[in-house]
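Q: You'll find my_file-v7.cif just under this line, and it carries mmCIF, C-alpha atoms.
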data_structure
#
loop_
_atom_site.label_atom_id
_atom_site.label_comp_id
_atom_site.auth_asym_id
_atom_site.auth_seq_id
_atom_site.Cartn_x
_atom_site.Cartn_y
_atom_site.Cartn_z
CA MET A 1 226.68 115.85 104.74
CA CYS A 2 225.57 118.42 102.22
CA GLY A 3 228.59 120.00 100.51
CA THR A 4 227.03 123.41 100.07
CA CYS A 5 225.56 124.31 103.42
CA GLY A 6 226.76 121.50 105.69
CA CYS A 7 223.19 120.89 106.76
CA GLY A 8 223.52 117.17 107.32
CA LEU A 9 221.48 116.00 104.33
CA ALA A 10 222.92 113.54 101.85
CA ASP A 11 224.57 115.04 98.80
CA GLU A 12 223.09 113.18 95.85
CA SER A 13 224.56 115.13 92.99
CA ALA A 14 228.18 114.03 93.02
CA ASP A 15 227.92 112.02 89.84
CA GLN A 16 229.01 114.55 87.21
CA THR A 17 232.62 114.90 88.20
CA ALA A 18 234.25 111.89 86.57
CA GLY A 19 237.55 113.03 85.15
CA HIS A 20 240.22 110.87 83.53
CA GLN A 21 243.99 110.79 83.65
CA HIS A 22 245.43 111.94 80.33
CA GLU A 23 248.93 110.48 80.66
CA THR A 24 249.88 108.09 83.43
CA GLU A 25 253.33 109.60 84.07
CA GLY A 26 252.33 113.23 83.63
CA ARG A 27 251.11 115.75 86.15
CA ARG A 28 248.78 117.57 83.79
CA ILE A 29 245.38 115.98 84.05
CA ALA A 30 242.65 116.66 81.52
CA VAL A 31 239.24 116.94 83.17
CA GLU A 32 235.76 118.03 82.23
CA LEU A 33 234.22 119.66 85.28
CA ASP A 34 231.33 122.06 84.81
CA LEU A 35 231.05 124.66 87.58
CA MET A 36 227.30 124.96 87.06
CA ALA A 37 226.59 121.23 86.72
CA ARG A 38 225.68 120.74 90.36
CA ASN A 39 223.29 123.68 90.47
CA ASN A 40 221.77 122.61 87.17
CA ALA A 41 221.29 119.03 88.41
CA LEU A 42 219.54 120.30 91.55
CA ALA A 43 217.44 122.67 89.43
CA GLU A 44 216.38 119.65 87.36
CA LYS A 45 215.37 117.84 90.56
CA ASN A 46 213.27 120.85 91.59
CA ARG A 47 211.70 120.88 88.13
CA GLN A 48 210.77 117.20 88.48
CA PHE A 49 209.21 118.01 91.86
CA PHE A 50 207.09 120.73 90.22
CA ASP A 51 206.09 118.67 87.21
CA ALA A 52 205.14 115.64 89.31
CA ARG A 53 202.68 117.84 91.23
CA ASN A 54 201.46 119.98 88.38
CA ILE A 55 202.93 123.13 89.89
CA LEU A 56 203.81 126.17 87.78
CA ALA A 57 207.00 127.74 89.19
CA LEU A 58 207.97 131.33 88.43
CA ASN A 59 211.28 132.97 89.31
CA LEU A 60 210.62 136.65 90.08
CA LEU A 61 213.62 138.93 89.61
CA SER A 62 214.41 142.64 89.83
CA SER A 63 216.62 145.17 91.55
CA PRO A 64 215.83 145.83 95.25
CA GLY A 65 212.77 148.03 95.67
CA ALA A 66 211.25 147.50 92.23
CA GLY A 67 208.05 146.27 93.88
CA LYS A 68 208.23 142.47 93.68
CA THR A 69 206.54 141.90 97.04
CA SER A 70 203.78 144.48 96.47
CA LEU A 71 203.12 143.01 93.05
CA LEU A 72 202.97 139.53 94.59
CA LEU A 73 200.41 140.65 97.17
CA ALA A 74 198.22 142.25 94.50
CA THR A 75 198.62 139.17 92.27
CA ILE A 76 197.80 136.66 95.02
CA GLU A 77 194.62 138.57 95.90
CA ARG A 78 193.37 138.19 92.32
CA LEU A 79 194.79 134.72 91.66
CA LYS A 80 193.61 132.83 94.69
CA VAL A 81 190.08 132.47 93.35
CA HIS A 82 191.58 130.55 90.41
CA MET A 83 194.20 128.33 92.05
CA PRO A 84 196.22 127.82 95.26
CA VAL A 85 199.34 129.97 95.44
CA SER A 86 202.53 129.48 97.44
CA VAL A 87 205.58 131.70 97.78
CA ILE A 88 209.28 131.28 98.49
CA GLU A 89 210.81 134.57 99.60
CA GLY A 90 214.53 135.19 99.15
CA ASP A 91 216.28 137.99 101.01
CA GLN A 92 219.68 138.48 102.47
CA HIS A 93 218.22 139.21 105.88
CA THR A 94 214.92 139.27 107.86
CA ALA A 95 211.54 137.57 107.32
CA LEU A 96 209.77 140.89 106.62
CA ASP A 97 208.62 139.88 103.15
CA ALA A 98 207.32 136.47 104.27
CA GLU A 99 205.34 138.22 107.03
CA LYS A 100 203.80 140.60 104.49
CA ILE A 101 202.89 137.75 102.16
CA ARG A 102 201.41 135.72 105.03
CA GLN A 103 198.61 138.31 105.30
CA SER A 104 197.13 136.94 102.09
CA CYS A 105 198.80 133.56 101.64
CA GLN A 106 199.60 130.98 104.32
CA HIS A 107 201.87 128.92 102.10
CA VAL A 108 205.06 130.97 102.37
CA HIS A 109 208.64 130.17 103.28
CA GLN A 110 211.44 132.67 103.80
CA ILE A 111 215.02 131.93 102.74
CA ASN A 112 217.73 134.16 104.22
CA THR A 113 220.81 133.98 102.07
CA GLY A 114 223.18 135.63 104.57
CA LYS A 115 226.18 136.77 102.57
CA MET A 116 224.93 135.30 99.32
CA CYS A 117 223.64 137.56 96.58
CA HIS A 118 221.25 135.13 94.87
CA LEU A 119 219.09 132.06 95.39
CA ASP A 120 220.40 128.77 94.06
CA ALA A 121 218.68 125.48 93.28
CA HIS A 122 219.95 123.89 96.48
CA MET A 123 218.34 126.52 98.74
CA VAL A 124 215.08 126.24 96.83
CA GLY A 125 215.15 122.43 97.11
CA HIS A 126 215.32 122.67 100.92
CA ALA A 127 212.66 125.41 100.96
CA LEU A 128 210.31 123.06 99.09
CA GLU A 129 210.68 120.47 101.88
CA HIS A 130 209.41 123.06 104.38
CA LEU A 131 206.81 124.64 102.16
CA GLN A 132 205.17 121.50 100.73
CA PRO A 133 203.32 123.42 97.98
CA LEU A 134 199.92 122.01 97.03
CA PRO A 135 199.40 120.09 93.79
CA ASP A 136 197.85 122.03 90.88
CA SER A 137 199.13 125.32 92.28
CA LEU A 138 201.29 128.23 91.33
CA LEU A 139 204.60 128.87 93.09
CA PHE A 140 206.30 132.26 93.07
CA ILE A 141 209.99 132.30 93.97
CA GLU A 142 210.92 135.88 94.81
CA ASN A 143 214.66 136.06 94.25
CA VAL A 144 217.10 138.35 96.07
CA GLY A 145 216.80 141.89 94.68
CA ASN A 146 219.73 141.97 92.27
CA LEU A 147 219.94 142.38 88.49
CA VAL A 148 223.31 140.63 88.14
CA CYS A 149 224.07 137.53 90.21
CA PRO A 150 220.81 135.52 90.07
CA VAL A 151 221.01 135.25 86.26
CA ALA A 152 223.41 132.29 86.22
CA PHE A 153 221.53 130.19 88.78
CA ALA A 154 218.61 128.15 87.46
CA LEU A 155 216.18 127.19 90.23
CA GLY A 156 214.04 124.73 88.25
CA GLU A 157 211.51 127.42 87.37
CA HIS A 158 209.32 127.19 84.27
CA GLN A 159 209.48 130.93 83.55
CA ARG A 160 211.49 133.96 84.60
CA VAL A 161 209.59 137.16 85.23
CA VAL A 162 211.73 140.30 85.46
CA LEU A 163 210.39 143.52 86.97
CA LEU A 164 211.57 146.98 86.07
CA SER A 165 210.01 149.87 87.99
CA THR A 166 209.46 153.21 86.31
CA PRO A 167 211.57 155.25 88.81
CA GLU A 168 214.60 153.12 87.87
CA GLY A 169 214.68 154.49 84.34
CA GLU A 170 214.14 152.98 80.89
CA ASP A 171 217.82 152.20 80.34
CA LYS A 172 217.97 149.31 82.85
CA PRO A 173 217.69 146.59 80.15
CA LEU A 174 220.69 148.11 78.34
CA LYS A 175 222.71 148.35 81.55
CA TYR A 176 221.84 144.84 82.79
CA PRO A 177 221.37 142.93 79.54
CA ASP A 178 222.11 139.44 80.93
CA MET A 179 219.07 139.65 83.18
CA PHE A 180 216.67 140.97 80.56
CA ALA A 181 217.97 138.56 77.89
CA SER A 182 217.02 135.69 80.23
CA ALA A 183 213.46 136.98 80.86
CA ASP A 184 210.34 135.13 79.66
CA CYS A 185 208.15 138.07 80.66
CA VAL A 186 208.90 141.67 81.71
CA LEU A 187 206.68 143.70 84.01
CA ILE A 188 207.14 147.47 84.02
CA SER A 189 205.99 148.11 87.57
CA LYS A 190 204.83 151.26 89.39
CA SER A 191 203.13 152.46 86.21
CA ASP A 192 201.05 154.84 88.38
CA LEU A 193 204.24 156.90 88.88
CA LEU A 194 204.68 157.53 85.14
CA PRO A 195 203.36 161.13 85.32
CA HIS A 196 205.95 161.91 88.03
CA VAL A 197 209.15 160.27 86.77
CA PRO A 198 211.18 160.73 83.57
CA PHE A 199 210.60 157.28 82.09
CA ASP A 200 210.56 156.87 78.29
CA MET A 201 208.14 153.97 77.80
CA GLN A 202 208.57 153.87 74.04
CA ALA A 203 212.37 153.64 74.31
CA CYS A 204 212.07 150.94 76.95
CA ARG A 205 209.68 148.84 74.86
CA GLU A 206 211.90 149.32 71.79
CA THR A 207 214.97 148.02 73.69
CA LEU A 208 213.05 145.01 75.00
CA ARG A 209 211.75 144.30 71.49
CA HIS A 210 215.36 144.16 70.31
CA PHE A 211 216.04 141.35 72.78
CA SER A 212 213.06 139.42 71.50
CA PRO A 213 210.03 140.66 69.55
CA GLN A 214 207.89 137.94 71.21
CA LEU A 215 208.77 138.92 74.79
CA PRO A 216 205.54 139.71 76.71
CA VAL A 217 205.81 143.15 78.35
CA PHE A 218 203.09 144.43 80.70
CA GLU A 219 202.79 147.81 82.41
CA VAL A 220 201.42 147.18 85.89
CA SER A 221 200.64 149.03 89.10
CA ALA A 222 200.07 147.07 92.30
CA GLU A 223 198.82 150.33 93.79
CA THR A 224 196.01 151.18 91.33
CA GLY A 225 195.53 147.74 89.76
CA GLU A 226 196.36 149.06 86.28
CA GLY A 227 197.51 146.29 83.94
CA MET A 228 196.86 143.56 86.51
CA ASP A 229 194.21 141.91 84.31
CA GLN A 230 196.63 141.44 81.39
CA TRP A 231 199.33 140.10 83.72
CA LEU A 232 196.81 137.70 85.28
CA ASP A 233 195.60 136.54 81.87
CA TRP A 234 199.21 135.76 80.92
CA LEU A 235 199.73 133.84 84.18
CA LEU A 236 196.60 131.75 83.69
CA GLN A 237 197.47 131.07 80.07
CA ILE A 238 201.04 129.94 80.98
CA SER A 239 199.66 127.87 83.81
CA ASP A 240 197.31 126.09 81.37
CA GLN A 241 200.10 125.47 78.87
CA ILE A 242 202.51 124.10 81.44
CA THR A 243 200.28 122.19 83.81
CA HIS A 244 197.79 120.86 81.24
CA PRO A 245 199.83 120.54 78.03
CA ALA A 246 197.76 117.66 76.59
CA GLU A 247 194.44 119.50 77.04
CA THR A 248 195.87 122.65 75.49
CA VAL A 249 196.94 120.71 72.39
CA ALA A 250 193.60 118.92 72.16
CA MET B 1 229.73 138.47 94.67
CA HIS B 2 228.28 135.25 93.25
CA GLU B 3 231.91 134.39 92.46
CA MET B 4 232.10 133.19 96.08
CA SER B 5 229.63 130.39 95.24
CA LEU B 6 231.58 129.56 92.11
CA ALA B 7 234.94 129.48 93.94
CA ARG B 8 233.42 127.18 96.53
CA GLU B 9 232.10 124.87 93.82
CA LEU B 10 235.52 124.93 92.14
CA VAL B 11 237.19 123.80 95.37
CA ARG B 12 234.53 121.12 95.92
CA LEU B 13 234.86 119.68 92.39
CA VAL B 14 238.66 119.68 92.33
CA GLY B 15 238.82 118.39 95.92
CA GLN B 16 236.60 115.49 94.89
CA GLN B 17 239.03 114.67 92.05
CA CYS B 18 241.95 114.79 94.50
CA ASP B 19 240.17 112.42 96.89
CA GLN B 20 239.32 110.00 94.10
CA GLN B 21 242.72 110.07 92.38
CA GLY B 22 245.00 110.61 95.38
CA TYR B 23 246.45 114.00 94.36
CA ARG B 24 248.15 115.71 97.29
CA GLN B 25 248.57 119.22 95.92
CA VAL B 26 247.00 121.27 93.17
CA LYS B 27 249.46 123.56 91.39
CA LYS B 28 247.18 124.96 88.74
CA ILE B 29 243.53 124.86 87.69
CA HIS B 30 242.73 125.66 84.08
CA LEU B 31 239.32 127.23 83.80
CA GLN B 32 237.55 127.92 80.52
CA LEU B 33 234.90 130.62 80.54
CA GLY B 34 232.25 131.41 78.01
CA PRO B 35 232.91 134.84 76.54
CA PHE B 36 230.15 136.56 78.46
CA SER B 37 229.66 134.15 81.33
CA CYS B 38 228.64 135.97 84.48
CA VAL B 39 232.11 135.79 86.02
CA ALA B 40 234.62 138.53 86.65
CA PRO B 41 238.02 136.72 86.73
CA GLU B 42 239.45 139.14 89.30
CA ALA B 43 236.45 138.59 91.59
CA LEU B 44 236.82 134.82 91.20
CA ASN B 45 240.53 135.04 92.06
CA PHE B 46 239.69 137.18 95.06
CA ALA B 47 237.06 134.71 96.26
CA PHE B 48 239.43 131.78 95.67
CA ASP B 49 242.13 133.49 97.78
CA SER B 50 240.01 132.97 100.86
CA MET B 51 240.01 129.21 100.23
CA ARG B 52 243.75 128.68 99.97
CA THR B 53 244.28 125.98 102.54
CA GLY B 54 245.61 122.42 102.45
CA ARG B 55 246.08 121.11 98.95
CA PHE B 56 244.99 124.47 97.49
CA GLU B 57 247.62 126.51 99.34
CA ASN B 58 249.73 127.24 96.23
CA THR B 59 247.14 126.83 93.49
CA ARG B 60 247.07 129.22 90.56
CA LEU B 61 243.92 129.82 88.56
CA GLU B 62 244.54 129.96 84.82
CA ILE B 63 241.43 131.56 83.33
CA ARG B 64 240.83 131.54 79.58
CA ARG B 65 237.89 133.05 77.75
CA ILE B 66 236.76 131.30 74.60
CA GLU B 67 235.50 132.95 71.44
CA ALA B 68 231.92 134.09 71.37
CA ASN B 69 229.19 133.19 68.94
CA GLY B 70 225.94 135.07 68.92
CA SER B 71 222.63 135.24 67.15
CA CYS B 72 220.28 138.16 66.70
CA GLY B 73 217.22 138.15 68.98
CA VAL B 74 215.07 139.54 66.15
CA CYS B 75 216.19 138.06 62.78
CA GLY B 76 218.41 135.18 63.96
CA TYR B 77 221.51 136.35 62.03
CA GLN B 78 224.61 134.53 63.39
CA GLU B 79 228.08 135.93 63.81
CA SER B 80 231.11 135.66 66.08
CA LEU B 81 230.91 138.47 68.60
CA CYS B 82 233.48 140.95 69.82
CA GLU B 83 231.00 142.60 72.14
CA ALA B 84 227.99 141.14 73.95
CA TYR B 85 224.62 142.65 73.11
CA ALA B 86 225.94 144.61 70.11
CA ALA B 87 223.46 145.72 67.45
CA CYS B 88 222.76 143.21 64.66
CA ALA B 89 224.43 144.27 61.39
CA HIS B 90 221.28 143.29 59.46
CA CYS B 91 218.29 144.57 61.42
CA GLY B 92 219.51 146.50 64.49
CA GLY B 93 218.25 143.84 66.93
CA ILE B 94 220.40 142.78 69.86
CA MET B 95 223.04 140.06 69.32
CA LEU B 96 222.56 137.48 72.09
CA PRO B 97 225.60 135.39 73.03
CA ASP B 98 225.01 131.64 72.40
CA ASN B 99 227.78 130.09 74.48
CA ALA B 100 227.75 132.69 77.20
CA ASP B 101 227.25 130.52 80.26
CA GLU B 102 230.07 128.06 79.91
CA MET B 103 232.31 127.68 83.00
CA ARG B 104 234.43 124.55 82.78
CA ILE B 105 237.55 123.23 84.44
CA THR B 106 239.50 121.67 81.57
CA GLU B 107 242.85 120.72 83.11
CA LEU B 108 244.55 120.27 86.49
CA GLU B 109 248.24 120.38 87.32
CA VAL B 110 248.76 118.20 90.38
CA ILE B 111 251.31 116.49 92.60
#
Can you give me the file's structure in the form of structure tokens?
A:
Amino acid sequence: MCGTCGCGLADESADQTAGHQHETEGRRIAVELDLMARNNALAEKNRQFFDARNILALNLLSSPGAGKTSLLLATIERLKVHMPVSVIEGDQHTALDAEKIRQSCQHVHQINTGKMCHLDAHMVGHALEHLQPLPDSLLFIENVGNLVCPVAFALGEHQRVVLLSTPEGEDKPLKYPDMFASADCVLISKSDLLPHVPFDMQACRETLRHFSPQLPVFEVSAETGEGMDQWLDWLLQISDQITHPAETVA
Amino acid sequence: MHEMSLARELVRLVGQQCDQQGYRQVKKIHLQLGPFSCVAPEALNFAFDSMRTGRFENTRLEIRRIEANGSCGVCGYQESLCEAYAACAHCGGIMLPDNADEMRITELEVI
């Protein structure tokens, strides 16, 4: 039986727990048990699943309400002429997001985390069994809206995309540095609201540059389509690099 | 409260050791945390409290944070860190912790 959810599947990742007895008479036992090893091993399995099928997997993260689902809908509309897209939706409760996505993409699976505040590699592994994403496709994994807990849990993704919406304020990266330090790309969403909210774009970009000068940062609006071309170009470029590495080098 | 997942994993890993080695009770678990690992010790203790049954009934968690090393996200300057995400002394970039994620059980005290 699976040790995490009790779902009846075999637990195949119990191989990293070998400890050893330090002194035969003693009661203090030296061990080397990594709390993240199991998640990381399952994330690696997910990664092998993606790589075997030439699938680019992106972990999409933000606080609740930053516009992940709206951005996904706008992205899928533009992307589906280039390649098949599938989506794993993570929310604490309801299938509302999966239903929204289903309007433009049939390949969608909803995970409800219940009391959990993040997706982990184990949940995503089971979601992949249901979803069966197509080869040579792009998979978005929309994480639970939360700028803290999901950071520590690798899902097997190739890249992490973190959204920050303009109404949230430019200081979010300073207040939640773990999340933004782990980002491979940052999208400043709801850019159409810039005239109406006190958001200092220059300060925000300066902070993000201090994390990494190479970090791609795009201002996007799912509503007006502003910035969507640059975001799409980045996606297609990453997809080429990851799913056709040999051709890119040649 | 991702500490709930971590507490559950802690119990699973140590329980597995007990099954393999025949330990009946766990008195203490020594846990080593990276300096800026995403764990609040008090939240982990709180989560662990709800799992105090059987061989874990009287278990104490001994949590130790190890020293931090960091490197600047802009110029790569390396230094031991007192504070995560402090400004780099050389260029004003942000000092990123290198060994932040570590969460390891290093020792058990068992009967």
Q: At a cut-off of 6 Å, which residues of chain A touch chain B? Count only C-alpha atoms and give the answer as a list in words.
A: Arg27, Arg28, Ile29, Ala30, Val31, Glu32, Leu33, Asp34, Leu35, Cys149, His210, Phe211 and Ser212 of chain A
Q: Set the distance at 10 Å and use only C-alpha atoms: which residues neighbour A:Leu235 once local chain neighbours fewer than 5 positions away are removed? I'd like the list as a ChimeraX atom specification.
A: /A:56,58,75,79,138,229-230,240-241
Q: Leaving out stretch 48-53 of chain A and any residue of its chain fewer than 3 positions from it, which residues lie within 12 Å of it when counting only C-alpha atoms, given as a PyMOL selection string?
A: chain A and resi 41-45+56-58+124-126+128-129+132-140+155-158+239+242-245
Q: Draw an axis-aligned box tight on the listed atoms of stretch 8-16 of chain B, then pad every side by 8 Å and write out centre and edge lengths in Å to one decimal as AutoDock Vina command-line options.
A:
--center_x 235.5 --center_y 121.3 --center_z 94.3 --size_x 22.7 --size_y 27.7 --size_z 20.4
Q: Rounded to one decimal in Å, what is the spacing between atom CA of A:Asp171 and atom CA of A:His196?
A: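 For atom CA of A:Asp171 relative to atom CA of A:His196, the distance reads 17.2 Å.
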Q: Report, in Å with one decimal, the straight-line distance from atom CA of B:Glu79 to atom CA of A:Thr207.
A: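 A separation of 20.4 Å between them.
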Q: Please provide the set of residues having any atom within 12 Å of A:Trp231, restricted to only C-alpha atoms, with same-chain residues fewer than 6 positions apart removed, written as a PyMOL selection string.
A: chain A and resi 71-72+74-76+78-79+161+185-189+216-222+225+237-238
Q: For this structure, which residues satisfy the selection - the PyMOL selection byres ((chain B and resi 42) around 12) - when it is evaluated on the file as given? I want them as a count of residues only.
A: 17
Q: Got a sec: who's within 6 Å of stretch 103-115 of chain A, counting only C-alpha atoms, leaving out chain neighbours fewer than 3 positions off, as a count of residues only?
A: 11
Q: Please indicate the distance in Å from atom CA of A:Pro167 to atom CA of A:Asn143, rounded to one decimal place.
A: 20.2 Å
Q: Tell me which of A:Asp120, A:Glu142, A:Asp178, A:Glu170 sits closest to A:Leu73, counting all atoms listed in the file.
A: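 Comparing A:Asp120, A:Glu142, A:Asp178, A:Glu170 against A:Leu73, the winner is A:Glu142.
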Q: Measuring between all atoms listed in the file, which one of A:Ala37, A:Ser63, A:Leu236, A:Val85 shows the shortest distance to A:Pro173?
A: A:Ser63
Q: Would you fill the gaps in stretch 24-47 of chain A so it has N, CA, C and O atoms, then print it as a PDB file, in the frame of the given file?
A:
ATOM      1  N   THR A  24     249.677 108.715  82.131  1.00  0.00           N
ATOM      2  CA  THR A  24     249.880 108.090  83.430  1.00  0.00           C
ATOM      3  C   THR A  24     251.090 108.675  84.162  1.00  0.00           C
ATOM      4  O   THR A  24     251.083 108.785  85.376  1.00  0.00           O
ATOM      5  N   GLU A  25     252.137 109.077  83.422  1.00  0.00           N
ATOM      6  CA  GLU A  25     253.330 109.600  84.070  1.00  0.00           C
ATOM      7  C   GLU A  25     253.200 111.103  84.357  1.00  0.00           C
ATOM      8  O   GLU A  25     253.899 111.619  85.197  1.00  0.00           O
ATOM      9  N   GLY A  26     252.376 111.770  83.608  1.00  0.00           N
ATOM     10  CA  GLY A  26     252.330 113.230  83.630  1.00  0.00           C
ATOM     11  C   GLY A  26     251.619 113.785  84.840  1.00  0.00           C
ATOM     12  O   GLY A  26     250.950 113.064  85.578  1.00  0.00           O
ATOM     13  N   ARG A  27     251.780 115.058  85.047  1.00  0.00           N
ATOM     14  CA  ARG A  27     251.110 115.750  86.150  1.00  0.00           C
ATOM     15  C   ARG A  27     249.959 116.613  85.661  1.00  0.00           C
ATOM     16  O   ARG A  27     249.241 117.159  86.441  1.00  0.00           O
ATOM     17  N   ARG A  28     249.898 116.769  84.326  1.00  0.00           N
ATOM     18  CA  ARG A  28     248.780 117.570  83.790  1.00  0.00           C
ATOM     19  C   ARG A  28     247.624 116.612  83.516  1.00  0.00           C
ATOM     20  O   ARG A  28     247.767 115.655  82.781  1.00  0.00           O
ATOM     21  N   ILE A  29     246.525 116.885  84.132  1.00  0.00           N
ATOM     22  CA  ILE A  29     245.380 115.980  84.050  1.00  0.00           C
ATOM     23  C   ILE A  29     244.236 116.684  83.329  1.00  0.00           C
ATOM     24  O   ILE A  29     243.798 117.746  83.770  1.00  0.00           O
ATOM     25  N   ALA A  30     243.807 116.083  82.228  1.00  0.00           N
ATOM     26  CA  ALA A  30     242.650 116.660  81.520  1.00  0.00           C
ATOM     27  C   ALA A  30     241.371 116.259  82.253  1.00  0.00           C
ATOM     28  O   ALA A  30     241.197 115.103  82.629  1.00  0.00           O
ATOM     29  N   VAL A  31     240.510 117.228  82.499  1.00  0.00           N
ATOM     30  CA  VAL A  31     239.240 116.940  83.170  1.00  0.00           C
ATOM     31  C   VAL A  31     238.121 117.662  82.433  1.00  0.00           C
ATOM     32  O   VAL A  31     238.365 118.450  81.522  1.00  0.00           O
ATOM     33  N   GLU A  32     236.924 117.385  82.841  1.00  0.00           N
ATOM     34  CA  GLU A  32     235.760 118.030  82.230  1.00  0.00           C
ATOM     35  C   GLU A  32     234.790 118.290  83.380  1.00  0.00           C
ATOM     36  O   GLU A  32     233.899 117.495  83.635  1.00  0.00           O
ATOM     37  N   LEU A  33     235.032 119.387  84.103  1.00  0.00           N
ATOM     38  CA  LEU A  33     234.220 119.660  85.280  1.00  0.00           C
ATOM     39  C   LEU A  33     233.464 120.973  85.069  1.00  0.00           C
ATOM     40  O   LEU A  33     234.080 122.026  84.923  1.00  0.00           O
ATOM     41  N   ASP A  34     232.172 120.886  85.060  1.00  0.00           N
ATOM     42  CA  ASP A  34     231.330 122.060  84.810  1.00  0.00           C
ATOM     43  C   ASP A  34     230.960 122.698  86.154  1.00  0.00           C
ATOM     44  O   ASP A  34     230.355 122.057  87.009  1.00  0.00           O
ATOM     45  N   LEU A  35     231.314 123.977  86.311  1.00  0.00           N
ATOM     46  CA  LEU A  35     231.050 124.660  87.580  1.00  0.00           C
ATOM     47  C   LEU A  35     229.553 124.794  87.876  1.00  0.00           C
ATOM     48  O   LEU A  35     229.150 124.928  89.020  1.00  0.00           O
ATOM     49  N   MET A  36     228.733 124.801  86.834  1.00  0.00           N
ATOM     50  CA  MET A  36     227.300 124.960  87.060  1.00  0.00           C
ATOM     51  C   MET A  36     226.557 123.628  87.099  1.00  0.00           C
ATOM     52  O   MET A  36     225.343 123.602  87.322  1.00  0.00           O
ATOM     53  N   ALA A  37     227.271 122.527  86.874  1.00  0.00           N
ATOM     54  CA  ALA A  37     226.590 121.230  86.720  1.00  0.00           C
ATOM     55  C   ALA A  37     225.785 120.871  87.969  1.00  0.00           C
ATOM     56  O   ALA A  37     224.675 120.357  87.880  1.00  0.00           O
ATOM     57  N   ARG A  38     226.353 121.133  89.131  1.00  0.00           N
ATOM     58  CA  ARG A  38     225.680 120.740  90.360  1.00  0.00           C
ATOM     59  C   ARG A  38     224.390 121.546  90.556  1.00  0.00           C
ATOM     60  O   ARG A  38     223.339 120.999  90.875  1.00  0.00           O
ATOM     61  N   ASN A  39     224.501 122.866  90.356  1.00  0.00           N
ATOM     62  CA  ASN A  39     223.290 123.680  90.470  1.00  0.00           C
ATOM     63  C   ASN A  39     222.252 123.244  89.441  1.00  0.00           C
ATOM     64  O   ASN A  39     221.066 123.123  89.756  1.00  0.00           O
ATOM     65  N   ASN A  40     222.717 122.987  88.215  1.00  0.00           N
ATOM     66  CA  ASN A  40     221.770 122.610  87.170  1.00  0.00           C
ATOM     67  C   ASN A  40     221.107 121.268  87.463  1.00  0.00           C
ATOM     68  O   ASN A  40     219.925 121.078  87.176  1.00  0.00           O
ATOM     69  N   ALA A  41     221.868 120.333  88.060  1.00  0.00           N
ATOM     70  CA  ALA A  41     221.290 119.030  88.410  1.00  0.00           C
ATOM     71  C   ALA A  41     220.227 119.196  89.504  1.00  0.00           C
ATOM     72  O   ALA A  41     219.163 118.568  89.455  1.00  0.00           O
ATOM     73  N   LEU A  42     220.523 120.055  90.480  1.00  0.00           N
ATOM     74  CA  LEU A  42     219.540 120.300  91.550  1.00  0.00           C
ATOM     75  C   LEU A  42     218.320 121.048  91.015  1.00  0.00           C
ATOM     76  O   LEU A  42     217.189 120.802  91.447  1.00  0.00           O
ATOM     77  N   ALA A  43     218.557 121.954  90.061  1.00  0.00           N
ATOM     78  CA  ALA A  43     217.440 122.670  89.430  1.00  0.00           C
ATOM     79  C   ALA A  43     216.538 121.665  88.705  1.00  0.00           C
ATOM     80  O   ALA A  43     215.306 121.778  88.746  1.00  0.00           O
ATOM     81  N   GLU A  44     217.151 120.683  88.063  1.00  0.00           N
ATOM     82  CA  GLU A  44     216.380 119.650  87.360  1.00  0.00           C
ATOM     83  C   GLU A  44     215.536 118.832  88.350  1.00  0.00           C
ATOM     84  O   GLU A  44     214.397 118.478  88.071  1.00  0.00           O
ATOM     85  N   LYS A  45     216.127 118.568  89.519  1.00  0.00           N
ATOM     86  CA  LYS A  45     215.370 117.840  90.560  1.00  0.00           C
ATOM     87  C   LYS A  45     214.160 118.659  91.017  1.00  0.00           C
ATOM     88  O   LYS A  45     213.064 118.131  91.203  1.00  0.00           O
ATOM     89  N   ASN A  46     214.387 119.966  91.206  1.00  0.00           N
ATOM     90  CA  ASN A  46     213.270 120.850  91.590  1.00  0.00           C
ATOM     91  C   ASN A  46     212.196 120.828  90.505  1.00  0.00           C
ATOM     92  O   ASN A  46     211.002 120.763  90.793  1.00  0.00           O
ATOM     93  N   ARG A  47     212.646 120.862  89.239  1.00  0.00           N
ATOM     94  CA  ARG A  47     211.700 120.880  88.130  1.00  0.00           C
ATOM     95  C   ARG A  47     210.856 119.606  88.132  1.00  0.00           C
ATOM     96  O   ARG A  47     209.654 119.640  87.910  1.00  0.00           O
TER      97      ARG A  47
END
